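Chemist: Please find upload-v4.tsv (TSV, C-alpha atoms and all ligand atoms) on the next line:
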chain	number	residue	atom	x	y	z
A	1	MET	CA	18.88	-21.28	27.24
A	2	LYS	CA	22.27	-19.91	26.31
A	3	THR	CA	21.05	-18.76	22.92
A	4	PHE	CA	18.81	-16.02	24.27
A	5	ALA	CA	20.93	-14.91	27.21
A	6	LEU	CA	22.05	-11.78	25.36
A	7	ALA	CA	18.55	-10.62	24.59
A	8	CYS	CA	17.25	-11.48	28.01
A	9	THR	CA	19.27	-9.55	30.52
A	10	ALA	CA	16.25	-7.54	31.72
A	11	THR	CA	14.14	-10.17	33.43
A	12	THR	CA	14.09	-13.91	33.24
A	13	VAL	CA	10.31	-14.03	33.63
A	14	LEU	CA	9.56	-11.99	30.50
A	15	CYS	CA	12.33	-13.67	28.56
A	16	ALA	CA	10.58	-16.97	28.95
A	17	SER	CA	7.84	-15.70	26.64
A	18	ALA	CA	10.29	-15.79	23.75
A	19	MET	CA	11.70	-19.17	24.73
A	20	GLY	CA	12.89	-21.29	21.84
A	21	GLN	CA	13.90	-18.41	19.66
A	22	SER	CA	16.52	-15.75	20.20
A	23	ILE	CA	14.97	-12.31	19.65
A	24	ASP	CA	18.07	-10.51	18.44
A	25	GLY	CA	17.43	-9.41	14.83
A	26	LEU	CA	19.37	-12.39	13.43
A	27	TYR	CA	17.47	-14.94	11.37
A	28	GLU	CA	17.90	-18.50	12.63
A	29	GLY	CA	15.80	-20.12	9.91
A	30	SER	CA	17.05	-21.14	6.52
A	31	ASN	CA	14.07	-20.65	4.22
A	32	ALA	CA	11.58	-17.82	4.26
A	33	ALA	CA	7.81	-17.73	3.76
A	34	VAL	CA	8.14	-14.94	1.22
A	35	ILE	CA	10.92	-13.16	-0.64
A	36	GLN	CA	10.76	-9.57	-1.87
A	37	ASN	CA	10.31	-9.11	-5.63
A	38	THR	CA	10.63	-5.30	-5.90
A	39	SER	CA	13.58	-2.89	-5.54
A	40	THR	CA	13.28	-0.38	-2.73
A	41	ASN	CA	12.18	3.14	-3.54
A	42	PHE	CA	12.85	4.24	0.06
A	43	GLY	CA	16.66	4.05	-0.11
A	44	ASN	CA	19.15	1.19	-0.37
A	45	ASN	CA	21.27	0.89	2.77
A	46	ASP	CA	25.07	0.59	2.35
A	47	ASN	CA	25.98	1.16	6.00
A	48	PRO	CA	26.81	-2.13	7.81
A	49	ASP	CA	26.27	-0.53	11.24
A	50	PRO	CA	23.72	-2.63	13.17
A	51	GLY	CA	21.98	0.56	14.28
A	52	LEU	CA	22.13	3.27	11.65
A	53	SER	CA	20.58	2.78	8.22
A	54	ILE	CA	20.23	5.16	5.29
A	55	GLY	CA	17.36	3.27	3.69
A	56	SER	CA	14.46	0.90	4.27
A	57	GLU	CA	13.77	-2.43	2.61
A	58	LEU	CA	11.88	-5.64	3.34
A	59	ASN	CA	13.85	-8.51	1.80
A	60	PHE	CA	12.03	-11.55	3.13
A	61	GLY	CA	9.46	-12.57	5.71
A	62	SER	CA	8.90	-15.54	7.96
A	63	ALA	CA	6.35	-16.37	10.66
A	64	SER	CA	5.81	-19.30	12.99
A	65	VAL	CA	3.64	-20.20	15.95
A	66	ALA	CA	5.42	-22.08	18.73
A	67	ASN	CA	5.90	-22.04	22.51
A	68	GLY	CA	2.85	-19.83	23.02
A	69	ASN	CA	4.25	-17.12	20.74
A	70	LEU	CA	3.87	-15.82	17.24
A	71	TYR	CA	7.35	-15.21	15.88
A	72	ILE	CA	7.80	-12.85	12.94
A	73	PHE	CA	11.05	-12.11	11.14
A	74	LEU	CA	11.33	-9.41	8.47
A	75	GLY	CA	14.73	-9.37	6.78
A	76	GLY	CA	15.98	-5.92	5.76
A	77	ASN	CA	16.43	-2.43	7.17
A	78	LEU	CA	14.41	0.30	8.79
A	79	GLU	CA	15.93	3.72	8.10
A	80	THR	CA	16.88	5.80	11.14
A	81	ASN	CA	14.73	8.71	9.98
A	82	PHE	CA	11.45	7.94	11.80
A	83	ASN	CA	9.92	6.12	8.84
A	84	LYS	CA	7.58	3.37	9.95
A	85	LEU	CA	7.50	-0.39	9.71
A	86	GLU	CA	3.82	-1.41	9.77
A	87	VAL	CA	3.01	-5.03	10.59
A	88	PHE	CA	-0.55	-6.34	10.33
A	89	ILE	CA	-1.43	-9.80	11.64
A	90	ASP	CA	-4.46	-11.95	10.85
A	91	CYS	CA	-4.57	-14.99	13.13
A	92	ARG	CA	-8.08	-15.22	14.60
A	93	GLU	CA	-11.67	-14.87	13.40
A	94	GLY	CA	-13.03	-11.39	12.69
A	95	GLY	CA	-10.87	-8.32	12.26
A	96	GLN	CA	-10.57	-5.67	9.58
A	97	ASN	CA	-10.18	-6.24	5.83
A	98	ARG	CA	-10.42	-2.47	5.37
A	99	LEU	CA	-8.89	-0.39	8.13
A	100	ARG	CA	-11.43	1.47	10.17
A	101	GLY	CA	-10.88	5.03	11.38
A	102	ASP	CA	-12.05	4.41	14.95
A	103	ASN	CA	-9.32	2.15	16.23
A	104	SER	CA	-7.23	2.96	19.29
A	105	ASP	CA	-5.62	6.41	19.19
A	106	VAL	CA	-2.03	5.25	19.27
A	107	ASP	CA	1.27	6.71	17.98
A	108	PHE	CA	-0.27	10.18	17.69
A	109	GLY	CA	-3.19	9.00	15.59
A	110	GLY	CA	-0.88	7.06	13.28
A	111	LEU	CA	-3.07	3.97	13.10
A	112	ASN	CA	-6.23	5.87	12.24
A	113	ARG	CA	-4.27	7.94	9.68
A	114	MET	CA	-4.26	4.78	7.56
A	115	GLY	CA	-7.94	4.01	8.13
A	116	ASP	CA	-11.26	5.30	6.89
A	117	ASP	CA	-11.51	9.09	7.23
A	118	GLY	CA	-15.31	8.89	7.08
A	119	SER	CA	-15.55	8.88	3.29
A	120	GLY	CA	-15.44	5.10	2.92
A	121	ASN	CA	-11.72	4.79	2.17
A	122	GLY	CA	-9.07	3.10	4.35
A	123	MET	CA	-6.25	0.70	3.56
A	124	THR	CA	-7.78	-2.44	2.09
A	125	PHE	CA	-6.08	-5.83	2.28
A	126	ASP	CA	-6.45	-8.66	-0.23
A	127	VAL	CA	-9.73	-10.58	0.03
A	128	GLY	CA	-9.75	-12.89	3.03
A	129	PHE	CA	-7.14	-11.03	5.08
A	130	GLU	CA	-8.81	-9.57	8.15
A	131	ALA	CA	-6.21	-7.96	10.39
A	132	ASP	CA	-6.50	-8.51	14.14
A	133	MET	CA	-3.40	-6.68	15.33
A	134	TRP	CA	-1.06	-3.92	14.22
A	135	ILE	CA	2.49	-3.30	15.38
A	136	THR	CA	4.56	-0.32	14.27
A	137	ILE	CA	8.28	0.21	14.78
A	138	THR	CA	10.25	3.46	14.30
A	139	CYS	CA	14.01	3.96	14.24
A	140	GLY	CA	15.59	7.29	15.14
A	141	VAL	CA	18.91	8.57	16.45
A	142	ASN	CA	19.49	9.27	20.15
A	143	ALA	CA	21.55	12.06	21.75
A	144	GLU	CA	24.71	9.94	21.56
A	145	GLY	CA	24.30	9.40	17.82
A	146	GLY	CA	23.23	5.77	18.18
A	147	MET	CA	20.08	4.12	16.94
A	148	GLU	CA	17.03	4.05	19.16
A	149	PHE	CA	13.75	2.43	18.18
A	150	PHE	CA	10.30	2.58	19.67
A	151	ALA	CA	7.22	0.48	19.10
A	152	ASN	CA	3.44	0.68	19.46
A	153	TYR	CA	0.71	-1.85	18.91
A	154	ALA	CA	-3.08	-2.05	18.81
A	155	GLU	CA	-5.84	-4.60	18.63
A	156	LEU	CA	-7.88	-4.41	15.43
A	157	ARG	CA	-11.33	-5.56	16.48
A	158	THR	CA	-14.11	-6.14	13.96
A	159	ASP	CA	-16.08	-3.20	15.33
A	160	GLY	CA	-13.15	-0.90	16.08
A	161	GLY	CA	-12.10	0.39	19.48
A	162	GLY	CA	-9.88	-2.08	21.28
A	163	TYR	CA	-6.68	-1.62	23.24
A	164	GLY	CA	-3.62	0.10	21.87
A	165	GLY	CA	-0.51	1.54	23.43
A	166	PHE	CA	3.20	2.21	23.60
A	167	LEU	CA	5.45	-0.85	23.95
A	168	GLY	CA	8.71	0.90	24.81
A	169	THR	CA	12.10	1.65	23.31
A	170	GLY	CA	15.14	-0.36	22.32
A	171	GLY	CA	18.46	-0.13	20.52
A	172	ALA	CA	20.47	-2.07	17.97
A	173	GLY	CA	20.78	-5.84	17.95
A	174	ALA	CA	20.51	-8.34	20.79
A	175	ASP	CA	21.69	-5.95	23.50
A	176	GLY	CA	19.05	-3.42	22.47
A	177	ALA	CA	16.12	-5.83	22.30
A	178	LEU	CA	12.88	-4.44	23.73
A	179	ILE	CA	10.97	-6.65	26.15
A	180	SER	CA	7.69	-4.90	26.80
A	181	ALA	CA	5.44	-5.07	29.82
A	182	LYS	CA	2.90	-6.79	27.57
A	183	GLY	CA	5.37	-9.65	27.07
A	184	MET	CA	6.19	-8.73	23.49
A	185	SER	CA	9.85	-8.85	22.41
A	186	ILE	CA	11.28	-6.84	19.51
A	187	ALA	CA	14.81	-6.62	18.13
A	188	VAL	CA	16.16	-4.54	15.24
A	189	ASP	CA	19.48	-5.19	13.48
A	190	ASN	CA	20.19	-2.80	10.62
A	191	SER	CA	23.46	-4.37	9.38
A	192	ASN	CA	21.98	-5.63	6.10
A	193	ILE	CA	23.68	-4.24	2.99
A	194	ALA	CA	22.44	-7.02	0.67
A	195	GLY	CA	18.93	-7.86	-0.49
A	196	VAL	CA	17.20	-5.63	-3.01
A	197	SER	CA	18.84	-2.56	-4.51
A	198	GLY	CA	17.33	0.86	-5.01
A	199	GLY	CA	14.66	1.48	-7.63
A	200	THR	CA	11.19	0.46	-8.72
A	201	GLY	CA	11.76	-2.61	-10.90
A	202	ILE	CA	11.62	-6.34	-10.27
A	203	ASP	CA	14.33	-7.44	-7.84
A	204	CYS	CA	15.27	-10.33	-5.53
A	205	GLY	CA	15.35	-9.98	-1.73
A	206	GLY	CA	17.49	-13.07	-1.14
A	207	GLU	CA	18.29	-16.58	-2.31
A	208	GLY	CA	19.59	-19.79	-0.79
A	209	ASP	CA	20.22	-20.15	2.94
A	210	LEU	CA	19.01	-16.99	4.67
A	211	ALA	CA	20.32	-17.97	8.13
A	212	GLY	CA	22.28	-15.12	9.67
A	213	SER	CA	20.46	-12.45	7.70
A	214	THR	CA	19.49	-9.43	9.75
A	215	GLY	CA	16.34	-7.40	10.21
A	216	VAL	CA	13.40	-6.94	12.55
A	217	GLU	CA	12.38	-9.81	14.82
A	218	ILE	CA	9.20	-9.89	16.88
A	219	ALA	CA	7.77	-12.37	19.40
A	220	ILE	CA	4.13	-11.85	20.41
A	221	PRO	CA	2.55	-13.91	23.20
A	222	LEU	CA	-0.58	-15.51	21.76
A	223	TYR	CA	-2.70	-14.46	24.75
A	224	LEU	CA	-2.58	-10.88	23.45
A	225	PHE	CA	-4.89	-11.99	20.63
A	226	ASP	CA	-7.39	-13.50	23.06
A	227	TRP	CA	-8.72	-10.19	24.36
A	228	ASP	CA	-12.01	-11.63	25.58
A	229	GLY	CA	-10.34	-14.56	27.35
A	230	GLU	CA	-12.20	-17.14	25.28
A	231	GLY	CA	-9.30	-19.55	25.21
A	232	ILE	CA	-9.04	-19.33	21.42
A	233	GLN	CA	-6.55	-21.61	19.74
A	234	ILE	CA	-4.04	-20.06	17.36
A	235	ASP	CA	-1.78	-22.29	15.35
A	236	SER	CA	-1.15	-20.24	12.24
A	237	ALA	CA	-0.98	-16.60	11.19
A	238	ARG	CA	-0.84	-14.38	8.16
A	239	VAL	CA	1.25	-11.22	8.06
A	240	SER	CA	1.15	-8.13	5.85
A	241	ALA	CA	4.13	-5.82	6.35
A	242	MET	CA	5.12	-2.55	4.71
A	243	ILE	CA	7.35	0.51	5.06
A	244	ASN	CA	5.50	3.79	5.55
A	245	ALA	CA	6.61	7.40	5.97
A	246	ALA	CA	7.14	9.04	9.36
A	247	GLY	CA	3.57	10.35	9.55
A	248	HIS	CA	2.04	6.96	8.61
A	249	ASP	CA	0.86	8.83	5.52
A	250	PHE	CA	2.89	7.63	2.50
A	251	ILE	CA	3.48	3.95	1.81
A	252	SER	CA	6.62	2.94	-0.04
A	253	ASN	CA	6.91	0.14	-2.60
A	254	GLN	CA	8.31	-2.18	0.10
A	255	VAL	CA	5.48	-4.54	0.99
A	256	LEU	CA	5.54	-8.24	1.89
A	257	ALA	CA	4.44	-10.06	-0.09
A	258	GLY	CA	5.84	-7.83	-2.83
A	259	ILE	CA	4.04	-5.80	-5.47
A	260	TYR	CA	5.93	-7.14	-8.55
A	261	GLY	CA	7.67	-3.88	-9.35
A	262	GLY	CA	6.37	-0.33	-9.26
A	263	GLY	CA	6.69	2.92	-7.38
A	264	ASN	CA	5.54	4.01	-3.95
A	265	LEU	CA	1.90	3.32	-3.11
A	266	ALA	CA	1.41	6.76	-1.53
A	267	ASP	CA	-1.56	7.57	0.74
A	268	PRO	CA	-2.41	4.45	2.77
A	269	ARG	CA	-6.09	5.37	2.84
A	270	SER	CA	-6.22	4.96	-0.92
A	271	VAL	CA	-4.27	1.70	-1.08
A	272	ASP	CA	-6.28	-1.35	-2.12
A	273	PHE	CA	-4.05	-4.41	-2.28
A	274	ASN	CA	-6.65	-6.16	-4.47
A	275	ALA	CA	-5.51	-3.82	-7.25
A	276	LEU	CA	-1.99	-5.31	-7.11
A	277	PRO	CA	-1.07	-8.79	-8.42
A	278	GLY	CA	-0.78	-11.62	-5.90
A	279	ASN	CA	-1.44	-11.45	-2.18
A	280	GLN	CA	0.26	-8.67	-0.25
A	281	PHE	CA	0.56	-10.94	2.79
A	282	PHE	CA	2.36	-14.18	3.67
A	283	GLU	CA	1.50	-17.16	5.83
A	284	SER	CA	3.30	-18.88	8.67
A	285	GLY	CA	5.00	-22.05	7.53
A	286	ALA	CA	4.80	-21.15	3.84
A	287	SER	CA	7.69	-21.75	1.47
A	288	ALA	CA	8.76	-18.75	-0.56
A	289	LYS	CA	8.60	-18.93	-4.32
A	290	PRO	CA	12.03	-18.51	-5.94
A	291	CYS	CA	13.03	-15.09	-7.20
A	292	LEU	CA	11.60	-14.07	-10.56
A	293	THR	CA	13.93	-14.63	-13.50
A	294	VAL	CA	11.63	-14.91	-16.53
A	295	LEU	CA	10.35	-11.46	-17.42
A	296	GLY	CA	9.16	-9.66	-20.53
A	297	THR	CA	7.64	-6.41	-21.67
A	298	CYS	CA	4.05	-5.74	-20.76
A	299	CYS	CA	2.34	-2.94	-22.67
A	300	VAL	CA	-0.61	-1.60	-20.73
A	301	THR	CA	-2.85	0.73	-22.71
A	302	SER	CA	-4.86	3.39	-20.93
A	303	GLY	CA	-6.68	5.80	-23.20
A	304	ASP	CA	-4.17	7.21	-25.68
A	305	SER	CA	-1.10	6.29	-23.62
A	306	VAL	CA	0.80	3.04	-23.29
A	307	ALA	CA	2.92	2.16	-20.25
A	308	CYS	CA	5.71	-0.41	-20.43
A	309	LEU	CA	6.35	-2.74	-17.48
A	310	THR	CA	8.97	-5.50	-17.37
A	311	VAL	CA	7.18	-8.25	-15.44
A	312	PRO	CA	6.32	-11.96	-15.56
A	313	ALA	CA	3.62	-13.02	-18.04
A	314	ASP	CA	0.98	-13.72	-15.35
A	315	VAL	CA	1.50	-10.28	-13.81
A	316	CYS	CA	1.05	-8.76	-17.27
A	317	ALA	CA	-2.22	-10.69	-17.64
A	318	PHE	CA	-3.36	-9.33	-14.25
A	319	TYR	CA	-2.91	-5.79	-15.59
A	320	GLY	CA	-4.63	-6.65	-18.89
A	321	GLY	CA	-1.47	-5.80	-20.83
A	322	GLU	CA	0.09	-7.25	-23.96
A	323	TYR	CA	3.07	-9.48	-23.12
A	324	GLY	CA	6.00	-9.07	-25.50
A	325	GLY	CA	7.53	-12.50	-24.78
A	326	ASP	CA	10.12	-13.85	-22.34
A	327	GLY	CA	13.36	-11.93	-22.32
A	328	THR	CA	12.02	-8.74	-23.88
A	329	SER	CA	12.68	-5.51	-22.01
A	330	CYS	CA	11.25	-2.02	-21.78
A	331	ASP	CA	14.81	-0.87	-22.55
A	332	ASP	CA	14.45	-2.33	-26.07
A	333	ALA	CA	13.68	0.06	-28.94
A	334	ASP	CA	9.94	0.83	-29.20
A	335	PRO	CA	8.76	-1.95	-26.87
A	336	CYS	CA	5.25	-0.56	-26.82
A	337	LEU	CA	4.09	1.19	-29.98
A	338	PRO	CA	1.03	3.40	-29.57
A	339	PRO	CA	-2.27	1.98	-30.86
A	340	VAL	CA	-2.51	2.03	-34.68
A	341	GLN	CA	-4.41	5.06	-35.93
A	342	CYS	CA	-6.50	4.40	-39.07
A	343	VAL	CA	-6.65	7.87	-40.65
A	344	SER	CA	-9.05	6.60	-43.34
A	345	ASP	CA	-11.59	5.44	-40.73
A	346	ILE	CA	-14.10	8.12	-41.66
A	347	THR	CA	-17.02	6.45	-39.88
A	348	ASP	CA	-14.85	6.18	-36.74
A	349	ASP	CA	-15.76	2.54	-36.03
A	350	GLY	CA	-12.18	1.35	-35.64
A	351	ARG	CA	-11.77	-0.17	-39.11
A	352	VAL	CA	-11.42	0.91	-42.73
A	353	ASP	CA	-14.00	-0.85	-44.93
A	354	VAL	CA	-16.76	-0.28	-47.49
A	355	ALA	CA	-18.73	1.92	-45.08
A	356	ASP	CA	-15.92	4.48	-45.20
A	357	LEU	CA	-15.83	4.24	-49.01
A	358	LEU	CA	-19.60	4.82	-49.26
A	359	GLN	CA	-19.22	7.85	-46.98
A	360	VAL	CA	-16.58	9.27	-49.33
A	361	ILE	CA	-18.80	8.61	-52.41
A	362	GLY	CA	-21.82	10.13	-50.67
A	363	ASP	CA	-19.87	13.26	-49.85
A	364	TRP	CA	-18.35	13.46	-53.37
A	365	GLY	CA	-17.96	17.05	-54.54
A	366	CYS	CA	-18.75	18.48	-51.10
A	367	ILE	CA	-16.76	21.61	-50.20
A	368	GLU	CA	-16.55	22.66	-46.54
B	1	CA	CA	16.86	-14.36	16.08
B	2	CA	CA	-8.74	-12.03	11.61
B	3	CA	CA	19.72	-3.64	-0.12
B	4	CA	CA	-3.11	-8.20	-4.20
Could you render the structure as structure tokens?
Ligand SMILES: [Ca+2]
Ligand SMILES: [Ca+2]
Ligand SMILES: [Ca+2]
Ligand SMILES: [Ca+2]

Modeler:
Amino acid sequence: MKTFALACTATTVLCASAMGQSIDGLYEGSNAAVIQNTSTNFGNNDNPDPGLSIGSELNFGSASVANGNLYIFLGGNLETNFNKLEVFIDCREGGQNRLRGDNSDVDFGGLNRMGDDGSGNGMTFDVGFEADMWITITCGVNAEGGMEFFANYAELRTDGGGYGGFLGTGGAGADGALISAKGMSIAVDNSNIAGVSGGTGIDCGGEGDLAGSTGVEIAIPLYLFDWDGEGIQIDSARVSAMINAAGHDFISNQVLAGIYGGGNLADPRSVDFNALPGNQFFESGASAKPCLTVLGTCCVTSGDSVACLTVPADVCAFYGGEYGGDGTSCDDADPCLPPVQCVSDITDDGRVDVADLLQVIGDWGCIE
């Protein structure tokens, strides 16, 4: 009981919902379910203050179901500039693989800003992930110059609609933990100055024992998923988390599970996670794969242009690129030469052979 006394000064009744785990923004586990593989393009924080942060990153993720709660921990930072942490949870039948545009009007239309605008778009998760709930957390600065966060959530029912609403506000660390009227607990600790660095390449969100790492910690009573009171059993969950811009309208490259390098994903309505290698979600109880160390150049040809990525071989295969071998780098000289142009290919069939010669002989003496 002593372990969650700090986070539970508000009421003992609501605190019981998070029993067994201290909701304080400090990770008590050792291993994670997933570790970030991409540098952050939304700013690398170097301020150890538990409240203020000058960047956002998602270094690792963990989820577990116990004591009637779903516990989620996301190691990293949420910048104090009103950018959004979006957390989608799939833990019961039904839900939304592609976000609808007629969900609850919550956070000033922020949820539906990511969904279908009527043209058939909407953020699309990897096959099999059908989100049942969304939670969003925002960090800003209060009048005293300290960090203040607020949170909203909504049900994501198969046919849209559903309940959504404001959960409340909190501050930094254990003392600032939010315990909402719905029984949800949220804590944010922005002290992290480790994890990924800034950029768009392959990176490593953490290695070894992650206990004591800081970030965003959430406890959700399982009854909130049982909106029809059917007594559904929940013993596992999948989570897709990402950093979005203040208007819920521009997704960064910080997604868990990670995107294997690359820039910001931009408009959420146009994001289809099936177009990115691997699953952009993680599962409760999973064991994270180690950080990527074996990389090589991957030359991806599109029309007349060739892009160079430095990625693992299987990611290169996903993109249909040509892998240059382990240890090669896009920083090497001419890692991706443009496609060979056969200037003598007169018949334009991609090769120089007797057909081209016959064309030349047939045109012999011709003057244009
Ligand atoms: Ca904790
Ligand atoms: Ca579901
Ligand atoms: Ca960092
Ligand atoms: Ca994917």

Chemist: Taking all atoms listed in the file into account, produce a table as JSON lines in which each residue of chain A with an atom at most 6 Å from an atom of ligand CA 4 (chain B) appears once, together with its shortest atom pair and the distance in Å to one decimal, ordered by chain and rising number.

Modeler:
{"residue": "A:Asp126", "atom": "CA", "partner": "B:CA4", "partner_atom": "CA", "distance": 5.2}
{"residue": "A:Phe273", "atom": "CA", "partner": "B:CA4", "partner_atom": "CA", "distance": 4.4}
{"residue": "A:Asn274", "atom": "CA", "partner": "B:CA4", "partner_atom": "CA", "distance": 4.1}
{"residue": "A:Ala275", "atom": "CA", "partner": "B:CA4", "partner_atom": "CA", "distance": 5.9}
{"residue": "A:Leu276", "atom": "CA", "partner": "B:CA4", "partner_atom": "CA", "distance": 4.3}
{"residue": "A:Pro277", "atom": "CA", "partner": "B:CA4", "partner_atom": "CA", "distance": 4.7}
{"residue": "A:Gly278", "atom": "CA", "partner": "B:CA4", "partner_atom": "CA", "distance": 4.5}
{"residue": "A:Asn279", "atom": "CA", "partner": "B:CA4", "partner_atom": "CA", "distance": 4.2}
{"residue": "A:Gln280", "atom": "CA", "partner": "B:CA4", "partner_atom": "CA", "distance": 5.2}

Chemist: Could you make a table, as CSV, of the residues of chain A that have an atom within 7 Å of an atom of ligand CA 1 (chain B), each with its nearest atom pair and distance in Å to one decimal, counting only C-alpha atoms and all ligand atoms, in chain and number order?

Modeler:
residue,atom,partner,partner_atom,distance
A:Gln21,CA,B:CA1,CA,6.2
A:Ser22,CA,B:CA1,CA,4.4
A:Ile23,CA,B:CA1,CA,4.5
A:Asp24,CA,B:CA1,CA,4.7
A:Gly25,CA,B:CA1,CA,5.1
A:Leu26,CA,B:CA1,CA,4.1
A:Tyr27,CA,B:CA1,CA,4.8
A:Glu28,CA,B:CA1,CA,5.5
A:Glu217,CA,B:CA1,CA,6.5

Chemist: So how many Å separate CA of Asn45 (chain A) and CA of Arg113 (chain A), to one decimal?

Modeler: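 According to the coordinates, CA of Asn45 (chain A) and CA of Arg113 (chain A) are separated by 27.4 Å.
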
Chemist: Excluding Glu207 (chain A) and its own-chain neighbours fewer than 2 positions away, which residues fall within 8 Å of it when counting all atoms listed in the file? Please give them as a list of chain:residue names.

Modeler: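 Answer for this query is A:Cys204, A:Gly205, A:Asp209, A:Leu210, A:Pro290, A:Cys291.
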
Chemist: Taking all atoms listed in the file into account, list the residues no farther than 8 Å from ligand CA 2 (chain B), as an MDAnalysis selection string.

Modeler: chainID A and resid 89:96 129:132

Chemist: Fewer than 3 positions away in the same chain doesn't count, so skip those; otherwise give me all residues within 9 Å of Gly324 (chain A), counting all atoms listed in the file, as JSON, numbers by chain.

Modeler: {"A": [296, 297, 298, 299, 313, 327, 328, 329, 335, 336]}

Chemist: At what distance in Å, to one decimal, does CA of Tyr153 (chain A) lie from CA of Ile220 (chain A)?

Modeler: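 It comes out at 10.7 Å.
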
Chemist: List the neighbours of Ala219 (chain A) out to 6 Å using all atoms listed in the file; skip same-chain residues closer than 5 positions along the sequence, and give me the result as a list of chain:residue names.

Modeler: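 Listing them by chain and then by number gives A:Leu70, A:Tyr71, A:Met184, A:Ser185.
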
Chemist: Restricting the output to C-alpha atoms, write the selected residues as a compact mmCIF listing (two decimals), in the coordinates of the input.

Modeler:
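Generated file (selection.txt):
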# COMPACT_ATOMS: atom_id res chain seq x y z
CA LEU A 70 3.87 -15.82 17.24
CA TYR A 71 7.35 -15.21 15.88
CA MET A 184 6.19 -8.73 23.49
CA SER A 185 9.85 -8.85 22.41

Chemist: Can you build me a table of chain A residues sitting at most 7 Å from ligand CA 3 (chain B), with the closest atom pair per residue and its distance in Å to one decimal, using only C-alpha atoms and all ligand atoms, sorted by chain and residue number, as a tab-separated table?

Modeler:
residue	atom	partner	partner_atom	distance
A:Asn44	CA	B:CA3	CA	4.9
A:Asn45	CA	B:CA3	CA	5.6
A:Glu57	CA	B:CA3	CA	6.7
A:Asn192	CA	B:CA3	CA	6.9
A:Ile193	CA	B:CA3	CA	5.1
A:Ala194	CA	B:CA3	CA	4.4
A:Gly195	CA	B:CA3	CA	4.3
A:Val196	CA	B:CA3	CA	4.3
A:Ser197	CA	B:CA3	CA	4.6

Chemist: May I ask which of the residues A:Gly183, A:Gly140, A:Gly362, A:Pro268 is the closest one to Phe125 (chain A), counting all atoms listed in the file?

Modeler: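 Among the listed residues, A:Pro268 lies closest to Phe125 (chain A).
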
Chemist: Rounded to one decimal, what separation in Å do you get between CA of Asp331 (chain A) and CA of Cys308 (chain A)?

Modeler: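 So the two atoms, CA of Asp331 (chain A) and CA of Cys308 (chain A), lie 9.4 Å apart.
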
Chemist: So that I can see what lies close to Ser39 (chain A), please list as a PyMOL selection string the residues with an atom at most 10 Å from it, counting only C-alpha atoms and leaving out residues fewer than 3 positions away in the same chain.

Modeler: chain A and resi 36+42-44+57-59+195-205+253-254+258-263

Chemist: Show which residues sit within 12 Å of Asp345 (chain A), as a compact mmCIF listing (two decimals) with C-alpha atoms, in the frame of the given file. Count only C-alpha atoms, and ignore same-chain residues fewer than 3 positions away.

Modeler:
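Okay, part01.txt is ready:
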# COMPACT_ATOMS: atom_id res chain seq x y z
CA VAL A 340 -2.51 2.03 -34.68
CA GLN A 341 -4.41 5.06 -35.93
CA CYS A 342 -6.50 4.40 -39.07
CA ASP A 348 -14.85 6.18 -36.74
CA ASP A 349 -15.76 2.54 -36.03
CA GLY A 350 -12.18 1.35 -35.64
CA ARG A 351 -11.77 -0.17 -39.11
CA VAL A 352 -11.42 0.91 -42.73
CA ASP A 353 -14.00 -0.85 -44.93
CA VAL A 354 -16.76 -0.28 -47.49
CA ALA A 355 -18.73 1.92 -45.08
CA ASP A 356 -15.92 4.48 -45.20
CA LEU A 357 -15.83 4.24 -49.01
CA LEU A 358 -19.60 4.82 -49.26
CA GLN A 359 -19.22 7.85 -46.98
CA VAL A 360 -16.58 9.27 -49.33

Chemist: Using only C-alpha atoms, which residue out of A:Val271, A:Phe60, A:Trp134, A:Ala187 lies closest to Asp116 (chain A)?

Modeler: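 The answer is A:Val271, which sits nearest to Asp116 (chain A).
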
Chemist: Please determine the residues with any atom at most 6 Å from (6.6, -11.3, -1.6) (coordinates as given in the file, with all atoms listed in the file counting) and report them as an NGL selection string.

Modeler: :A and (34-37 or 256-258)

Chemist: For the residues in the current selection, export C-alpha atoms as a tab-separated table (two decimals), in the frame of the given file.

Modeler:
chain	number	residue	atom	x	y	z
A	34	VAL	CA	8.14	-14.94	1.22
A	35	ILE	CA	10.92	-13.16	-0.64
A	36	GLN	CA	10.76	-9.57	-1.87
A	37	ASN	CA	10.31	-9.11	-5.63
A	256	LEU	CA	5.54	-8.24	1.89
A	257	ALA	CA	4.44	-10.06	-0.09
A	258	GLY	CA	5.84	-7.83	-2.83

Chemist: When you count only C-alpha atoms, which of these residues is closest to Val188 (chain A): A:Gly365, A:Gly51, A:Gly165, A:Gly247?

Modeler: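 The answer is A:Gly51, which sits nearest to Val188 (chain A).
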
Chemist: Under the rule that only C-alpha atoms are counted, which of A:Leu265, A:Val255, A:Ile234, A:Cys330 is the nearest residue to Phe282 (chain A)?

Modeler: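 Using only C-alpha atoms, the shortest distance to Phe282 (chain A) belongs to A:Val255.
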
Chemist: Which one is closest to Ile218 (chain A): A:Asp189, A:Asp326, A:Glu148, A:Asp332? Count all atoms listed in the file.

Modeler: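 Closest residue, counting all atoms listed in the file: A:Asp189.
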
Chemist: With distances taken over only C-alpha atoms, which residue among A:Gly229, A:Gly173, A:Gly128, A:Gly76 lies nearest Pro50 (chain A)?

Modeler: A:Gly173
